[in-house]
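Peer 1: I am sharing query-v5.tsv, which consists of TSV, C-alpha atoms:
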chain	number	residue	atom	x	y	z
A	1312	MET	CA	10.79	-2.41	-14.91
A	1313	ASN	CA	12.59	0.10	-17.08
A	1314	PHE	CA	10.51	-1.04	-20.04
A	1315	ILE	CA	7.29	-0.18	-18.20
A	1316	GLU	CA	8.60	3.26	-17.21
A	1317	ASN	CA	9.67	4.00	-20.78
A	1318	PHE	CA	6.32	2.88	-22.15
A	1319	PHE	CA	4.29	5.12	-19.84
A	1320	ALA	CA	6.72	8.08	-20.11
A	1321	LYS	CA	4.93	9.32	-23.24
A	1322	TYR	CA	1.65	9.80	-21.33
A	1323	SER	CA	0.86	12.66	-19.00
A	1324	GLN	CA	0.36	12.18	-15.28
A	1325	ASP	CA	-3.27	13.21	-15.65
A	1326	GLN	CA	-3.86	10.47	-18.20
A	1327	ILE	CA	-2.20	7.81	-16.02
A	1328	HIS	CA	-4.15	9.09	-13.00
A	1329	LYS	CA	-7.40	8.72	-14.95
A	1330	TRP	CA	-6.48	5.24	-16.19
A	1331	PHE	CA	-5.47	4.07	-12.72
A	1332	LYS	CA	-8.76	5.17	-11.18
A	1333	GLN	CA	-10.74	3.49	-13.97
A	1334	ILE	CA	-8.77	0.25	-13.69
A	1335	CYS	CA	-9.27	0.19	-9.90
A	1336	VAL	CA	-13.03	0.27	-10.39
A	1337	ALA	CA	-13.01	-2.12	-13.37
A	1338	GLU	CA	-10.93	-4.68	-11.44
A	1339	ALA	CA	-13.38	-4.57	-8.53
A	1340	ILE	CA	-16.39	-4.96	-10.82
A	1341	SER	CA	-14.72	-7.89	-12.56
A	1342	TRP	CA	-14.40	-9.54	-9.11
A	1343	LEU	CA	-18.17	-9.28	-8.78
A	1344	PHE	CA	-18.73	-10.96	-12.13
A	1345	LEU	CA	-16.15	-13.60	-11.26
A	1346	PHE	CA	-18.05	-14.40	-8.06
A	1347	SER	CA	-21.30	-14.68	-10.01
A	1348	ALA	CA	-19.57	-17.11	-12.36
A	1349	MET	CA	-18.37	-19.21	-9.44
A	1350	VAL	CA	-21.86	-19.39	-7.96
A	1351	TRP	CA	-23.39	-20.28	-11.32
A	1352	ILE	CA	-20.89	-23.05	-12.00
A	1353	ARG	CA	-21.43	-24.45	-8.51
A	1354	TYR	CA	-25.12	-25.06	-9.20
A	1355	ASP	CA	-24.73	-26.17	-12.81
A	1356	ARG	CA	-21.49	-28.14	-13.01
A	1357	GLU	CA	-22.34	-29.99	-16.20
A	1358	GLY	CA	-23.62	-26.97	-18.14
A	1359	LEU	CA	-21.75	-25.51	-21.07
A	1360	LEU	CA	-22.87	-21.91	-20.56
A	1361	PRO	CA	-21.43	-21.53	-17.04
A	1362	THR	CA	-18.12	-22.91	-18.26
A	1363	ILE	CA	-17.97	-20.47	-21.16
A	1364	TYR	CA	-19.05	-17.62	-18.88
A	1365	ILE	CA	-16.35	-18.33	-16.30
A	1366	ILE	CA	-13.68	-18.60	-19.00
A	1367	ILE	CA	-14.64	-15.23	-20.50
A	1368	ILE	CA	-15.04	-13.46	-17.15
A	1369	GLY	CA	-11.80	-15.01	-15.85
A	1370	ASN	CA	-9.89	-13.67	-18.84
A	1371	ILE	CA	-11.39	-10.21	-18.49
A	1372	HIS	CA	-10.56	-10.17	-14.78
A	1373	GLY	CA	-7.02	-11.29	-15.57
A	1374	LEU	CA	-6.66	-8.42	-18.02
A	1375	PHE	CA	-7.81	-5.83	-15.47
A	1376	PHE	CA	-5.61	-7.41	-12.79
A	1377	SER	CA	-2.56	-7.19	-15.08
A	1378	LEU	CA	-3.33	-3.60	-16.04
A	1379	TYR	CA	-3.72	-2.68	-12.38
A	1380	LEU	CA	-0.29	-4.13	-11.60
A	1381	LEU	CA	1.29	-2.33	-14.56
A	1382	LEU	CA	-0.22	1.02	-13.62
A	1383	LEU	CA	0.59	0.56	-9.93
A	1384	PHE	CA	4.26	1.39	-10.35
A	1385	ASN	CA	3.47	4.60	-12.20
A	1386	ALA	CA	0.86	5.49	-9.58
A	1387	LYS	CA	3.55	5.11	-6.94
A	1388	LYS	CA	5.50	7.95	-8.55
A	1389	ILE	CA	2.46	10.13	-9.21
A	1390	TYR	CA	1.01	9.90	-5.70
A	1391	GLU	CA	4.44	9.80	-4.01
A	1392	TRP	CA	3.70	6.63	-2.07
A	1393	ASP	CA	6.24	5.22	0.34
A	1394	GLU	CA	7.08	1.51	0.39
A	1395	GLU	CA	4.31	0.68	2.88
A	1396	ASP	CA	1.61	2.27	0.71
A	1397	THR	CA	2.95	0.55	-2.39
A	1398	VAL	CA	2.94	-2.88	-0.75
A	1399	PHE	CA	-0.55	-2.27	0.59
A	1400	ALA	CA	-1.80	-1.26	-2.89
A	1401	LEU	CA	-0.08	-4.30	-4.37
A	1402	LEU	CA	-1.67	-6.67	-1.86
A	1403	SER	CA	-5.08	-5.11	-2.34
A	1404	ALA	CA	-5.15	-6.53	-5.88
A	1405	PHE	CA	-5.46	-9.99	-4.37
A	1406	PHE	CA	-8.50	-9.24	-2.19
A	1407	PRO	CA	-12.01	-8.72	-3.55
A	1408	PHE	CA	-13.06	-5.09	-3.95
A	1409	ALA	CA	-9.94	-3.76	-2.19
A	1410	THR	CA	-8.91	-1.77	-5.26
A	1411	ILE	CA	-11.92	0.46	-4.64
A	1412	TRP	CA	-10.34	1.35	-1.30
A	1413	VAL	CA	-7.04	2.11	-3.06
A	1414	ASP	CA	-8.94	4.33	-5.48
A	1415	LYS	CA	-10.74	6.23	-2.70
A	1416	LYS	CA	-8.04	6.46	-0.01
A	1417	LEU	CA	-4.54	6.00	-1.42
A	1418	ALA	CA	-5.00	7.44	-4.91
A	1419	ARG	CA	-5.39	11.04	-3.81
A	1420	PHE	CA	-2.86	13.80	-4.15
A	1421	ASN	CA	-3.45	15.39	-0.71
A	1422	ARG	CA	-4.18	12.59	1.72
A	1423	GLU	CA	-3.63	14.77	4.78
A	1424	GLU	CA	-6.90	16.60	4.20
Take the structure in the file and give it back as structure tokens.

Peer 2:
Amino acid sequence: MNFIENFFAKYSQDQIHKWFKQICVAEAISWLFLFSAMVWIRYDREGLLPTIYIIIIGNIHGLFFSLYLLLLFNAKKIYEWDEEDTVFALLSAFFPFATIWVDKKLARFNREE
């Protein structure tokens, strides 16, 4: 955990804020493409193209998922989340399109407004 904090210490909070919002959206969009790959492979099980498509999309989604988890701990400090908000943001990575909700509701500086 200390390694992650040291790595992101050289970037400003504005830059991490921007990256976190972009990764939230990119992770949700990659869910959509992953669902399209699952539907395609269901109807064409023997095809080579659906298999290649799902491998590529799965890897891209895995990249965005990993980046979301890495940036989540820095976002906790930036947005001053308590433990409940952090756990909720962490669990939202496992549900389709829930990172959009994190982007819109939790990832704001003044949530009282």

Peer 1: When you look at A:Asn1385 with a cut-off of 12 Å (counting all atoms listed in the file), what residues show up, excluding the ones that are within fewer than 3 positions of it in the same chain? I need them as number ranges by chain.

Peer 2: A: 1312-1320, 1322-1331, 1378-1382, 1388-1392, 1397, 1418

Peer 1: As an exercise, work out the distance from atom CA of A:Ala1339 to atom CA of A:Phe1408 in Å and give it to one decimal place.

Peer 2: 4.6 Å

Peer 1: If we count all atoms listed in the file, what is near A:Ile1371 at a cut-off of 12 Å, once residues fewer than 5 positions away on the same chain are taken out, given as a list in words?

Peer 2: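 Listing them by chain and then by number gives Ile1334, Ala1337, Glu1338, Ala1339, Ile1340, Ser1341, Trp1342, Leu1343, Phe1344, Leu1345, Tyr1364, Ile1365, Ile1366, Phe1376, Ser1377 and Leu1378 of chain A.
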
Peer 1: Write the residues of the selection above to a file with C-alpha atoms, as a JSON list (two decimals), in the coordinates of the input.

Peer 2:
[["chain", "number", "residue", "atom", "x", "y", "z"],
["A", 1334, "ILE", "CA", -8.77, 0.25, -13.69],
["A", 1337, "ALA", "CA", -13.01, -2.12, -13.37],
["A", 1338, "GLU", "CA", -10.93, -4.68, -11.44],
["A", 1339, "ALA", "CA", -13.38, -4.57, -8.53],
["A", 1340, "ILE", "CA", -16.39, -4.96, -10.82],
["A", 1341, "SER", "CA", -14.72, -7.89, -12.56],
["A", 1342, "TRP", "CA", -14.40, -9.54, -9.11],
["A", 1343, "LEU", "CA", -18.17, -9.28, -8.78],
["A", 1344, "PHE", "CA", -18.73, -10.96, -12.13],
["A", 1345, "LEU", "CA", -16.15, -13.60, -11.26],
["A", 1364, "TYR", "CA", -19.05, -17.62, -18.88],
["A", 1365, "ILE", "CA", -16.35, -18.33, -16.30],
["A", 1366, "ILE", "CA", -13.68, -18.60, -19.00],
["A", 1376, "PHE", "CA", -5.61, -7.41, -12.79],
["A", 1377, "SER", "CA", -2.56, -7.19, -15.08],
["A", 1378, "LEU", "CA", -3.33, -3.60, -16.04]]

Peer 1: Using only C-alpha atoms - which residues lie no farther than 12 Å from the point (-10.3, 7.5, -5.1) in the file's frame? Write them as a PyMOL selection string.

Peer 2: chain A and resi 1328-1336+1390+1409-1422

Peer 1: What's the separation between atom CA of A:Phe1375 and atom CA of A:Gly1358, in Å to one decimal place?

Peer 2: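 According to the coordinates, atom CA of A:Phe1375 and atom CA of A:Gly1358 are separated by 26.5 Å.
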